[in-house]
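Data block for query_7.pdb (PDB, C-alpha atoms and all ligand atoms):
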```
ATOM      1  CA  MET A   1     139.705  53.603 127.494  1.00  0.00           C
ATOM      2  CA  ASN A   2     136.954  50.976 127.454  1.00  0.00           C
ATOM      3  CA  ASN A   3     135.791  52.342 124.163  1.00  0.00           C
ATOM      4  CA  THR A   4     139.241  52.044 122.646  1.00  0.00           C
ATOM      5  CA  TYR A   5     139.557  48.414 123.714  1.00  0.00           C
ATOM      6  CA  LEU A   6     136.119  47.675 122.414  1.00  0.00           C
ATOM      7  CA  THR A   7     136.759  49.145 118.988  1.00  0.00           C
ATOM      8  CA  LEU A   8     140.190  47.526 118.847  1.00  0.00           C
ATOM      9  CA  GLY A   9     138.555  44.200 119.627  1.00  0.00           C
ATOM     10  CA  LEU A  10     135.983  44.725 116.928  1.00  0.00           C
ATOM     11  CA  PHE A  11     138.715  45.635 114.480  1.00  0.00           C
ATOM     12  CA  LEU A  12     140.713  42.484 115.237  1.00  0.00           C
ATOM     13  CA  PHE A  13     137.562  40.435 114.915  1.00  0.00           C
ATOM     14  CA  LEU A  14     136.872  41.979 111.516  1.00  0.00           C
ATOM     15  CA  ILE A  15     140.330  41.321 110.104  1.00  0.00           C
ATOM     16  CA  SER A  16     140.450  37.855 111.611  1.00  0.00           C
ATOM     17  CA  CYS A  17     137.635  36.773 109.325  1.00  0.00           C
ATOM     18  CA  GLY A  18     140.258  35.783 106.800  1.00  0.00           C
ATOM     19  CA  PRO A  19     141.122  37.086 103.377  1.00  0.00           C
ATOM     20  CA  ARG A  20     138.163  35.500 101.635  1.00  0.00           C
ATOM     21  CA  GLU A  21     135.518  37.276 103.641  1.00  0.00           C
ATOM     22  CA  ARG A  22     135.708  40.816 102.524  1.00  0.00           C
ATOM     23  CA  VAL A  23     134.679  43.453 104.986  1.00  0.00           C
ATOM     24  CA  SER A  24     132.643  46.194 103.436  1.00  0.00           C
ATOM     25  CA  LYS A  25     134.018  49.723 103.249  1.00  0.00           C
ATOM     26  CA  GLU A  26     131.080  50.945 105.328  1.00  0.00           C
ATOM     27  CA  VAL A  27     132.035  48.663 108.197  1.00  0.00           C
ATOM     28  CA  PHE A  28     135.648  49.827 108.073  1.00  0.00           C
ATOM     29  CA  ASP A  29     134.560  53.468 107.998  1.00  0.00           C
ATOM     30  CA  GLU A  30     132.325  52.890 110.965  1.00  0.00           C
ATOM     31  CA  VAL A  31     135.148  51.296 112.937  1.00  0.00           C
ATOM     32  CA  ASN A  32     137.549  54.082 112.082  1.00  0.00           C
ATOM     33  CA  LYS A  33     135.012  56.619 113.147  1.00  0.00           C
ATOM     34  CA  THR A  34     134.478  54.951 116.504  1.00  0.00           C
ATOM     35  CA  MET A  35     138.203  54.793 117.048  1.00  0.00           C
ATOM     36  CA  GLU A  36     138.544  58.523 116.851  1.00  0.00           C
ATOM     37  CA  VAL A  37     137.973  58.933 120.534  1.00  0.00           C
ATOM     38  CA  LYS A  38     137.026  62.555 121.034  1.00  0.00           C
ATOM     39  CA  ARG A  39     138.721  64.094 124.007  1.00  0.00           C
ATOM     40  CA  LEU A  40     137.450  67.591 124.528  1.00  0.00           C
ATOM     41  CA  SER A  41     139.117  69.695 127.153  1.00  0.00           C
ATOM     42  CA  ASP A  42     137.139  72.006 129.410  1.00  0.00           C
ATOM     43  CA  ALA A  43     138.936  74.944 127.825  1.00  0.00           C
ATOM     44  CA  GLU A  44     137.765  73.952 124.328  1.00  0.00           C
ATOM     45  CA  ILE A  45     134.166  73.611 125.500  1.00  0.00           C
ATOM     46  CA  LEU A  46     134.255  76.955 127.290  1.00  0.00           C
ATOM     47  CA  GLN A  47     135.786  78.657 124.282  1.00  0.00           C
ATOM     48  CA  GLU A  48     133.036  77.309 122.017  1.00  0.00           C
ATOM     49  CA  ALA A  49     130.369  78.440 124.514  1.00  0.00           C
ATOM     50  CA  MET A  50     131.915  81.920 124.476  1.00  0.00           C
ATOM     51  CA  ILE A  51     131.910  82.094 120.662  1.00  0.00           C
ATOM     52  CA  TRP A  52     128.317  80.857 120.500  1.00  0.00           C
ATOM     53  CA  GLY A  53     127.220  83.244 123.262  1.00  0.00           C
ATOM     54  CA  ASP A  54     128.814  86.224 121.520  1.00  0.00           C
ATOM     55  CA  SER A  55     127.088  85.400 118.275  1.00  0.00           C
ATOM     56  CA  LEU A  56     123.607  84.627 119.697  1.00  0.00           C
ATOM     57  CA  THR A  57     123.527  87.789 121.816  1.00  0.00           C
ATOM     58  CA  SER A  58     124.867  90.021 119.023  1.00  0.00           C
ATOM     59  CA  GLU A  59     122.260  88.683 116.639  1.00  0.00           C
ATOM     60  CA  ALA A  60     119.442  89.149 119.158  1.00  0.00           C
ATOM     61  CA  GLN A  61     120.619  92.698 119.860  1.00  0.00           C
ATOM     62  CA  LYS A  62     120.693  93.508 116.144  1.00  0.00           C
ATOM     63  CA  ASN A  63     117.183  92.114 115.639  1.00  0.00           C
ATOM     64  CA  LEU A  64     115.787  93.992 118.624  1.00  0.00           C
ATOM     65  CA  ILE A  65     117.257  97.311 117.492  1.00  0.00           C
ATOM     66  CA  SER A  66     116.052  96.986 113.917  1.00  0.00           C
ATOM     67  CA  SER A  67     112.531  95.990 115.033  1.00  0.00           C
ATOM     68  CA  LEU A  68     112.472  98.883 117.503  1.00  0.00           C
ATOM     69  CA  GLN A  69     113.571 101.363 114.831  1.00  0.00           C
ATOM     70  CA  LYS A  70     110.894 100.088 112.469  1.00  0.00           C
ATOM     71  CA  ALA A  71     108.212 100.377 115.158  1.00  0.00           C
ATOM     72  CA  ILE A  72     109.292 103.963 115.970  1.00  0.00           C
ATOM     73  CA  GLU A  73     109.199 104.918 112.273  1.00  0.00           C
ATOM     74  CA  GLU A  74     105.763 103.359 111.875  1.00  0.00           C
ATOM     75  CA  GLY A  75     103.999 104.855 114.871  1.00  0.00           C
ATOM     76  CA  GLY A  76     106.293 106.878 117.116  1.00  0.00           C
ATOM     77  CA  PHE A  77     107.572 106.097 120.604  1.00  0.00           C
ATOM     78  CA  GLU A  78     104.215 105.338 122.208  1.00  0.00           C
ATOM     79  CA  HIS A  79     103.417 102.749 119.560  1.00  0.00           C
ATOM     80  CA  ALA A  80     106.949 101.341 119.951  1.00  0.00           C
ATOM     81  CA  ILE A  81     106.401 100.793 123.687  1.00  0.00           C
ATOM     82  CA  ALA A  82     103.323  98.678 123.035  1.00  0.00           C
ATOM     83  CA  PHE A  83     105.235  96.897 120.281  1.00  0.00           C
ATOM     84  CA  CYS A  84     108.102  96.090 122.680  1.00  0.00           C
ATOM     85  CA  LYS A  85     105.714  94.804 125.320  1.00  0.00           C
ATOM     86  CA  GLU A  86     104.153  92.488 122.782  1.00  0.00           C
ATOM     87  CA  ASN A  87     107.286  91.322 120.957  1.00  0.00           C
ATOM     88  CA  ALA A  88     110.541  91.946 122.838  1.00  0.00           C
ATOM     89  CA  SER A  89     110.867  88.481 124.367  1.00  0.00           C
ATOM     90  CA  THR A  90     109.844  86.680 121.157  1.00  0.00           C
ATOM     91  CA  ILE A  91     112.328  88.668 119.068  1.00  0.00           C
ATOM     92  CA  THR A  92     115.036  88.003 121.672  1.00  0.00           C
ATOM     93  CA  ALA A  93     114.493  84.249 121.540  1.00  0.00           C
ATOM     94  CA  SER A  94     113.776  83.964 117.811  1.00  0.00           C
ATOM     95  CA  LYS A  95     117.248  82.812 116.712  1.00  0.00           C
ATOM     96  CA  VAL A  96     117.838  80.485 119.653  1.00  0.00           C
ATOM     97  CA  PRO A  97     118.060  76.998 118.116  1.00  0.00           C
ATOM     98  CA  THR A  98     116.471  74.904 120.884  1.00  0.00           C
ATOM     99  CA  GLU A  99     114.151  75.466 123.826  1.00  0.00           C
ATOM    100  CA  GLU A 100     116.798  74.124 126.165  1.00  0.00           C
ATOM    101  CA  ILE A 101     118.793  77.295 125.557  1.00  0.00           C
ATOM    102  CA  GLN A 102     117.437  80.333 127.364  1.00  0.00           C
ATOM    103  CA  LEU A 103     118.258  83.868 126.238  1.00  0.00           C
ATOM    104  CA  LYS A 104     117.030  87.023 127.934  1.00  0.00           C
ATOM    105  CA  ARG A 105     117.990  90.484 129.133  1.00  0.00           C
ATOM    106  CA  VAL A 106     117.996  91.137 132.843  1.00  0.00           C
ATOM    107  CA  ALA A 107     118.330  94.342 134.857  1.00  0.00           C
ATOM    108  CA  PHE A 108     118.068  95.459 138.486  1.00  0.00           C
ATOM    109  CA  LYS A 109     116.174  98.568 137.348  1.00  0.00           C
ATOM    110  CA  ASN A 110     113.853  96.738 134.996  1.00  0.00           C
ATOM    111  CA  ARG A 111     110.798  97.714 133.027  1.00  0.00           C
ATOM    112  CA  ASN A 112     109.369  94.245 132.591  1.00  0.00           C
ATOM    113  CA  PRO A 113     109.385  92.562 136.023  1.00  0.00           C
ATOM    114  CA  GLN A 114     110.144  89.258 134.263  1.00  0.00           C
ATOM    115  CA  ASN A 115     113.591  90.655 133.551  1.00  0.00           C
ATOM    116  CA  VAL A 116     114.651  90.550 137.186  1.00  0.00           C
ATOM    117  CA  PRO A 117     117.928  88.594 137.579  1.00  0.00           C
ATOM    118  CA  ASP A 118     117.929  85.239 139.405  1.00  0.00           C
ATOM    119  CA  SER A 119     120.536  84.621 142.121  1.00  0.00           C
ATOM    120  CA  ASP A 120     123.263  83.404 139.719  1.00  0.00           C
ATOM    121  CA  GLU A 121     122.635  86.332 137.394  1.00  0.00           C
ATOM    122  CA  ALA A 122     122.464  88.860 140.243  1.00  0.00           C
ATOM    123  CA  LEU A 123     126.006  87.969 141.377  1.00  0.00           C
ATOM    124  CA  ILE A 124     127.420  88.740 137.954  1.00  0.00           C
ATOM    125  CA  LEU A 125     125.271  91.805 137.419  1.00  0.00           C
ATOM    126  CA  ASP A 126     126.574  93.108 140.748  1.00  0.00           C
ATOM    127  CA  ALA A 127     130.138  92.673 139.520  1.00  0.00           C
ATOM    128  CA  TYR A 128     129.295  94.420 136.225  1.00  0.00           C
ATOM    129  CA  SER A 129     127.721  97.303 138.180  1.00  0.00           C
ATOM    130  CA  TYR A 130     130.821  97.628 140.351  1.00  0.00           C
ATOM    131  CA  ASN A 131     133.056  97.693 137.264  1.00  0.00           C
ATOM    132  CA  ALA A 132     130.854 100.230 135.459  1.00  0.00           C
ATOM    133  CA  GLU A 133     130.877 102.546 138.483  1.00  0.00           C
ATOM    134  CA  ASN A 134     134.649 102.293 138.741  1.00  0.00           C
ATOM    135  CA  GLY A 135     135.437 102.758 135.073  1.00  0.00           C
ATOM    136  CA  ILE A 136     136.525  99.148 134.532  1.00  0.00           C
ATOM    137  CA  GLU A 137     135.555  97.676 131.179  1.00  0.00           C
ATOM    138  CA  ASN A 138     133.076  94.793 131.358  1.00  0.00           C
ATOM    139  CA  LYS A 139     133.975  91.756 129.303  1.00  0.00           C
ATOM    140  CA  PRO A 140     131.615  88.871 128.434  1.00  0.00           C
ATOM    141  CA  ASN A 141     131.747  86.178 131.093  1.00  0.00           C
ATOM    142  CA  ILE A 142     130.970  82.475 131.412  1.00  0.00           C
ATOM    143  CA  GLN A 143     130.139  80.703 134.659  1.00  0.00           C
ATOM    144  CA  LYS A 144     129.184  77.115 135.300  1.00  0.00           C
ATOM    145  CA  VAL A 145     125.833  76.755 137.055  1.00  0.00           C
ATOM    146  CA  GLU A 146     123.551  73.847 137.941  1.00  0.00           C
ATOM    147  CA  ASN A 147     126.402  71.529 139.026  1.00  0.00           C
ATOM    148  CA  GLY A 148     128.465  72.417 135.999  1.00  0.00           C
ATOM    149  CA  GLU A 149     125.856  71.101 133.554  1.00  0.00           C
ATOM    150  CA  VAL A 150     124.834  74.533 132.302  1.00  0.00           C
ATOM    151  CA  PHE A 151     126.912  77.483 131.160  1.00  0.00           C
ATOM    152  CA  LEU A 152     125.723  80.950 132.027  1.00  0.00           C
ATOM    153  CA  TYR A 153     127.065  83.367 129.417  1.00  0.00           C
ATOM    154  CA  THR A 154     126.593  87.041 130.214  1.00  0.00           C
ATOM    155  CA  LYS A 155     127.386  90.306 128.443  1.00  0.00           C
ATOM    156  CA  ALA A 156     126.913  93.780 129.890  1.00  0.00           C
ATOM    157  CA  ILE A 157     124.490  96.169 128.186  1.00  0.00           C
ATOM    158  CA  MET A 158     125.813  99.715 128.508  1.00  0.00           C
ATOM    159  CA  PHE A 159     123.354 102.567 128.050  1.00  0.00           C
ATOM    160  CA  PRO A 160     124.254 104.515 124.899  1.00  0.00           C
ATOM    161  CA  GLY A 161     121.894 107.449 125.416  1.00  0.00           C
ATOM    162  CA  GLY A 162     120.567 108.811 122.086  1.00  0.00           C
ATOM    163  CA  VAL A 163     117.298 107.285 120.926  1.00  0.00           C
ATOM    164  CA  CYS A 164     117.156 105.015 124.007  1.00  0.00           C
ATOM    165  CA  SER A 165     116.764 108.078 126.245  1.00  0.00           C
ATOM    166  CA  ASN A 166     113.296 108.737 124.808  1.00  0.00           C
ATOM    167  CA  CYS A 167     112.060 105.739 126.802  1.00  0.00           C
ATOM    168  CA  HIS A 168     114.745 105.143 129.475  1.00  0.00           C
ATOM    169  CA  GLY A 169     116.267 108.597 130.079  1.00  0.00           C
ATOM    170  CA  ASP A 170     115.410 111.390 132.504  1.00  0.00           C
ATOM    171  CA  PRO A 171     111.602 111.384 133.011  1.00  0.00           C
ATOM    172  CA  ASN A 172     111.600 115.191 133.456  1.00  0.00           C
ATOM    173  CA  THR A 173     113.664 116.236 130.477  1.00  0.00           C
ATOM    174  CA  GLU A 174     114.110 113.347 128.054  1.00  0.00           C
ATOM    175  CA  ILE A 175     110.873 111.346 128.100  1.00  0.00           C
ATOM    176  CA  SER A 176     107.755 113.106 126.801  1.00  0.00           C
ATOM    177  CA  SER A 177     104.678 113.138 129.039  1.00  0.00           C
ATOM    178  CA  GLU A 178     102.712 111.012 126.512  1.00  0.00           C
ATOM    179  CA  VAL A 179     105.435 108.376 126.432  1.00  0.00           C
ATOM    180  CA  LEU A 180     105.699 108.439 130.229  1.00  0.00           C
ATOM    181  CA  LYS A 181     101.956 107.937 130.445  1.00  0.00           C
ATOM    182  CA  SER A 182     101.947 104.877 128.222  1.00  0.00           C
ATOM    183  CA  ILE A 183     104.935 103.406 130.085  1.00  0.00           C
ATOM    184  CA  LYS A 184     103.021 103.773 133.367  1.00  0.00           C
ATOM    185  CA  GLU A 185      99.929 102.215 131.824  1.00  0.00           C
ATOM    186  CA  LEU A 186     101.683  99.190 130.398  1.00  0.00           C
ATOM    187  CA  TYR A 187     104.313  98.809 133.130  1.00  0.00           C
ATOM    188  CA  PRO A 188     102.881 100.076 136.426  1.00  0.00           C
ATOM    189  CA  ALA A 189     105.993  98.903 138.315  1.00  0.00           C
ATOM    190  CA  ASP A 190     108.484 100.407 135.834  1.00  0.00           C
ATOM    191  CA  GLN A 191     111.927 101.183 137.249  1.00  0.00           C
ATOM    192  CA  ALA A 192     113.779 101.607 133.947  1.00  0.00           C
ATOM    193  CA  THR A 193     114.075 105.376 133.651  1.00  0.00           C
ATOM    194  CA  GLY A 194     116.786 107.849 134.676  1.00  0.00           C
ATOM    195  CA  PHE A 195     119.621 106.147 132.776  1.00  0.00           C
ATOM    196  CA  GLN A 196     122.474 108.276 131.467  1.00  0.00           C
ATOM    197  CA  GLN A 197     124.936 107.537 128.715  1.00  0.00           C
ATOM    198  CA  GLY A 198     127.624 105.140 130.010  1.00  0.00           C
ATOM    199  CA  ASP A 199     125.472 103.648 132.785  1.00  0.00           C
ATOM    200  CA  LEU A 200     125.082  99.909 133.019  1.00  0.00           C
ATOM    201  CA  ARG A 201     121.581  99.255 131.695  1.00  0.00           C
ATOM    202  CA  GLY A 202     121.541  95.488 132.365  1.00  0.00           C
ATOM    203  CA  MET A 203     123.015  92.397 130.774  1.00  0.00           C
ATOM    204  CA  TRP A 204     122.388  89.594 128.342  1.00  0.00           C
ATOM    205  CA  SER A 205     121.892  86.266 130.051  1.00  0.00           C
ATOM    206  CA  LEU A 206     122.235  83.076 128.065  1.00  0.00           C
ATOM    207  CA  LYS A 207     121.932  79.637 129.626  1.00  0.00           C
ATOM    208  CA  ILE A 208     123.282  76.790 127.500  1.00  0.00           C
ATOM    209  CA  PRO A 209     123.370  73.167 128.635  1.00  0.00           C
ATOM    210  CA  LYS A 210     126.947  71.890 128.312  1.00  0.00           C
ATOM    211  CA  LYS A 211     125.802  69.002 126.107  1.00  0.00           C
ATOM    212  CA  GLU A 212     124.494  71.472 123.500  1.00  0.00           C
ATOM    213  CA  VAL A 213     127.961  73.042 123.289  1.00  0.00           C
ATOM    214  CA  VAL A 214     129.676  69.649 123.031  1.00  0.00           C
ATOM    215  CA  LYS A 215     127.374  68.734 120.119  1.00  0.00           C
ATOM    216  CA  ARG A 216     128.856  71.614 118.128  1.00  0.00           C
ATOM    217  CA  LEU A 217     132.442  70.430 118.525  1.00  0.00           C
TER     218      LEU A 217
HETATM  219  C1  LIG B   1     110.003 103.012 122.450  1.00  0.00           C
HETATM  220  C2  LIG B   1     110.548 102.984 123.784  1.00  0.00           C
HETATM  221  C3  LIG B   1     111.871 102.297 123.986  1.00  0.00           C
HETATM  222  C4  LIG B   1     113.076 102.622 123.427  1.00  0.00           C
HETATM  223  C5  LIG B   1     113.387 103.713 122.412  1.00  0.00           C
HETATM  224  C6  LIG B   1     114.037 101.718 124.021  1.00  0.00           C
HETATM  225  N1  LIG B   1     113.422 100.861 124.901  1.00  0.00           N
HETATM  226 FE1  LIG B   1     114.326  99.488 126.098  1.00  0.00          FE
HETATM  227  N2  LIG B   1     112.528  98.825 126.699  1.00  0.00           N
HETATM  228  C7  LIG B   1     111.312  99.374 126.335  1.00  0.00           C
HETATM  229  C8  LIG B   1     110.245  98.528 126.831  1.00  0.00           C
HETATM  230  C9  LIG B   1     108.767  98.738 126.627  1.00  0.00           C
HETATM  231  C10 LIG B   1     110.870  97.446 127.483  1.00  0.00           C
HETATM  232  C11 LIG B   1     110.214  96.239 128.133  1.00  0.00           C
HETATM  233  C12 LIG B   1     110.112  95.106 127.119  1.00  0.00           C
HETATM  234  C13 LIG B   1     109.477  93.858 127.670  1.00  0.00           C
HETATM  235  O1  LIG B   1     108.302  93.928 128.097  1.00  0.00           O
HETATM  236  O2  LIG B   1     110.154  92.820 127.675  1.00  0.00           O
HETATM  237  C14 LIG B   1     112.304  97.681 127.388  1.00  0.00           C
HETATM  238  C15 LIG B   1     113.245  96.842 127.942  1.00  0.00           C
HETATM  239  C16 LIG B   1     114.595  97.043 127.863  1.00  0.00           C
HETATM  240  C17 LIG B   1     115.587  96.177 128.476  1.00  0.00           C
HETATM  241  C18 LIG B   1     115.318  94.889 129.255  1.00  0.00           C
HETATM  242  C19 LIG B   1     115.349  95.074 130.738  1.00  0.00           C
HETATM  243  C20 LIG B   1     114.117  95.698 131.318  1.00  0.00           C
HETATM  244  O3  LIG B   1     114.242  96.837 131.791  1.00  0.00           O
HETATM  245  O4  LIG B   1     113.027  95.093 131.304  1.00  0.00           O
HETATM  246  C21 LIG B   1     116.802  96.699 128.155  1.00  0.00           C
HETATM  247  C22 LIG B   1     118.150  96.149 128.557  1.00  0.00           C
HETATM  248  C23 LIG B   1     116.573  97.867 127.324  1.00  0.00           C
HETATM  249  N3  LIG B   1     115.212  98.051 127.184  1.00  0.00           N
HETATM  250  C24 LIG B   1     117.569  98.637 126.784  1.00  0.00           C
HETATM  251  C25 LIG B   1     117.330  99.602 125.803  1.00  0.00           C
HETATM  252  C26 LIG B   1     118.372 100.240 125.027  1.00  0.00           C
HETATM  253  C27 LIG B   1     119.862 100.007 125.197  1.00  0.00           C
HETATM  254  C28 LIG B   1     117.758 101.063 124.133  1.00  0.00           C
HETATM  255  C29 LIG B   1     118.372 101.853 123.017  1.00  0.00           C
HETATM  256  C30 LIG B   1     119.004 101.051 121.965  1.00  0.00           C
HETATM  257  C31 LIG B   1     116.321 100.966 124.391  1.00  0.00           C
HETATM  258  N4  LIG B   1     116.118 100.066 125.382  1.00  0.00           N
HETATM  259  C32 LIG B   1     115.374 101.705 123.719  1.00  0.00           C
HETATM  260  C33 LIG B   1     111.117 100.526 125.626  1.00  0.00           C
HETATM  261  C34 LIG B   1     112.100 101.180 124.892  1.00  0.00           C
END
```
File written out as structure tokens:
Amino acid sequence: MNNTYLTLGLFLFLISCGPRERVSKEVFDEVNKTMEVKRLSDAEILQEAMIWGDSLTSEAQKNLISSLQKAIEEGGFEHAIAFCKENASTITASKVPTEEIQLKRVAFKNRNPQNVPDSDEALILDAYSYNAENGIENKPNIQKVENGEVFLYTKAIMFPGGVCSNCHGDPNTEISSEVLKSIKELYPADQATGFQQGDLRGMWSLKIPKKEVVKRL
């Protein structure tokens, strides 16, 4: 409201200068711009956060899978494990536009202990686990955290089996002893084996400050 009065006042001041004093087009444009008071609803902001979250996580997933495939082709599964240890978090974050936005994968049964969920994430991951166990489809979700200043976007990661089972499947039948050995060497506290197709593997967790979303609108 204050803003509207202010710009209205400025406008009246500008036209009250009289016909002789011409006001430049730039000044008029500026005034018009200020008068467009942007009123964004919560729903619009949430919707934009959802769209952005979907696209950032899909892109990160695509990049991770193609890098993993390349590493497997180049040096087999053992080499790919070392490659993932070295590069997984960098590849995940590579398309995130600012450091204020945090993108990662988290899991209860994790390989990298840094991928343990925090308390906000654990609540949602619990709900995703419940749904997965009861055959309910998991949809991407957005919660407000940190007093509503940050959006937590999450998306379930279901285990597809196939190539993933070579490193996350049954340690007796699906993971070779060489691969198991290098997992144990690089991740002594590994918990990320024994997954079957259709299990919940973990989830994407994306934290975006609300102001970053508003900037896009
Ligand atoms: C070559 C072995 C290998 C293959 C194949 C593989 N992963 Fe992983 N995965 C790893 C390693 C190593 C890590 C830990 C990366 C790190 O240090 O951040 C990991 C981490 C993860 C994480 C993060 C949570 C955690 O446990 O730390 C998820 C989720 C995941 N993998 C899912 C998958 C899925 C889905 C596939 C199939 C598309 C797959 N992985 C294929 C080796 C593999």
- Item | Selection dump of the PyMOL selection byres (((chain A and resi 40-48) around 8) and not hetatm), as a ChimeraX atom specification | /A:38-39,49-52,142,210,213-214,217
Kindly work out which residues sit at most 9 Å from ligand LIG 1 (chain B), using all atoms listed in the file, and give the list as a tab-separated table (two decimals) with C-alpha atoms, in the coordinates of the input.
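Generated file (out_25.tsv):
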```
chain	number	residue	atom	x	y	z
A	61	GLN	CA	120.62	92.70	119.86
A	64	LEU	CA	115.79	93.99	118.62
A	65	ILE	CA	117.26	97.31	117.49
A	68	LEU	CA	112.47	98.88	117.50
A	69	GLN	CA	113.57	101.36	114.83
A	71	ALA	CA	108.21	100.38	115.16
A	72	ILE	CA	109.29	103.96	115.97
A	76	GLY	CA	106.29	106.88	117.12
A	77	PHE	CA	107.57	106.10	120.60
A	78	GLU	CA	104.22	105.34	122.21
A	79	HIS	CA	103.42	102.75	119.56
A	80	ALA	CA	106.95	101.34	119.95
A	81	ILE	CA	106.40	100.79	123.69
A	82	ALA	CA	103.32	98.68	123.04
A	83	PHE	CA	105.24	96.90	120.28
A	84	CYS	CA	108.10	96.09	122.68
A	85	LYS	CA	105.71	94.80	125.32
A	86	GLU	CA	104.15	92.49	122.78
A	87	ASN	CA	107.29	91.32	120.96
A	88	ALA	CA	110.54	91.95	122.84
A	89	SER	CA	110.87	88.48	124.37
A	90	THR	CA	109.84	86.68	121.16
A	104	LYS	CA	117.03	87.02	127.93
A	105	ARG	CA	117.99	90.48	129.13
A	106	VAL	CA	118.00	91.14	132.84
A	107	ALA	CA	118.33	94.34	134.86
A	108	PHE	CA	118.07	95.46	138.49
A	109	LYS	CA	116.17	98.57	137.35
A	110	ASN	CA	113.85	96.74	135.00
A	111	ARG	CA	110.80	97.71	133.03
A	112	ASN	CA	109.37	94.24	132.59
A	113	PRO	CA	109.38	92.56	136.02
A	114	GLN	CA	110.14	89.26	134.26
A	115	ASN	CA	113.59	90.66	133.55
A	116	VAL	CA	114.65	90.55	137.19
A	157	ILE	CA	124.49	96.17	128.19
A	158	MET	CA	125.81	99.72	128.51
A	159	PHE	CA	123.35	102.57	128.05
A	160	PRO	CA	124.25	104.52	124.90
A	161	GLY	CA	121.89	107.45	125.42
A	162	GLY	CA	120.57	108.81	122.09
A	163	VAL	CA	117.30	107.28	120.93
A	164	CYS	CA	117.16	105.02	124.01
A	165	SER	CA	116.76	108.08	126.24
A	166	ASN	CA	113.30	108.74	124.81
A	167	CYS	CA	112.06	105.74	126.80
A	168	HIS	CA	114.74	105.14	129.48
A	179	VAL	CA	105.44	108.38	126.43
A	183	ILE	CA	104.94	103.41	130.08
A	186	LEU	CA	101.68	99.19	130.40
A	187	TYR	CA	104.31	98.81	133.13
A	190	ASP	CA	108.48	100.41	135.83
A	191	GLN	CA	111.93	101.18	137.25
A	192	ALA	CA	113.78	101.61	133.95
A	193	THR	CA	114.08	105.38	133.65
A	201	ARG	CA	121.58	99.26	131.70
A	202	GLY	CA	121.54	95.49	132.36
A	203	MET	CA	123.02	92.40	130.77
A	204	TRP	CA	122.39	89.59	128.34
```
Since I can't run it myself right now, could you work out what the PyMOL selection byres (((chain A and resi 122-130) around 8) and not hetatm) selects here and report it as a tab-separated table (two decimals) with C-alpha atoms, in the frame of the given file?
```
chain	number	residue	atom	x	y	z
A	107	ALA	CA	118.33	94.34	134.86
A	117	PRO	CA	117.93	88.59	137.58
A	118	ASP	CA	117.93	85.24	139.40
A	119	SER	CA	120.54	84.62	142.12
A	120	ASP	CA	123.26	83.40	139.72
A	121	GLU	CA	122.64	86.33	137.39
A	131	ASN	CA	133.06	97.69	137.26
A	132	ALA	CA	130.85	100.23	135.46
A	133	GLU	CA	130.88	102.55	138.48
A	134	ASN	CA	134.65	102.29	138.74
A	138	ASN	CA	133.08	94.79	131.36
A	154	THR	CA	126.59	87.04	130.21
A	156	ALA	CA	126.91	93.78	129.89
A	200	LEU	CA	125.08	99.91	133.02
A	202	GLY	CA	121.54	95.49	132.36
A	203	MET	CA	123.02	92.40	130.77
```
- Query: Which is closer to A:Ile101 than all the others in A:Lys155, A:Lys181, A:Lys215, A:Lys207, using all atoms listed in the file?
  - Reply: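 Result for the nearest residue to A:Ile101: A:Lys207.
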- Task: Would you mind reading off the distance between atom CA of A:Glu59 and atom CA of A:Gln102, one decimal, in Å?
- Result: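 Computing the Euclidean distance for atom CA of A:Glu59 and atom CA of A:Gln102 yields 14.4 Å.
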Pick out the residues sitting within 8 Å of A:Pro171, and hand them over as an mmCIF file with C-alpha atoms, in the coordinates of the input; count all atoms listed in the file, and ignore anything fewer than 5 positions along from it in its own chain.
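Ended up saving to out_24.cif:
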```
data_model
loop_
_atom_site.group_PDB
_atom_site.id
_atom_site.type_symbol
_atom_site.label_atom_id
_atom_site.label_comp_id
_atom_site.auth_asym_id
_atom_site.auth_seq_id
_atom_site.Cartn_x
_atom_site.Cartn_y
_atom_site.Cartn_z
ATOM 1 C CA SER A 176 107.755 113.106 126.801
ATOM 2 C CA LEU A 180 105.699 108.439 130.229
ATOM 3 C CA THR A 193 114.075 105.376 133.651
ATOM 4 C CA GLY A 194 116.786 107.849 134.676
#
```
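Note that atom CA of A:Gly169 and atom CA of A:Leu152 are 29.3 Å apart.
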- Task: Measure the distance from atom CA of A:Glu178 to atom CA of A:Lys70 in Å and round it to one decimal.
- Result: 19.6 Å
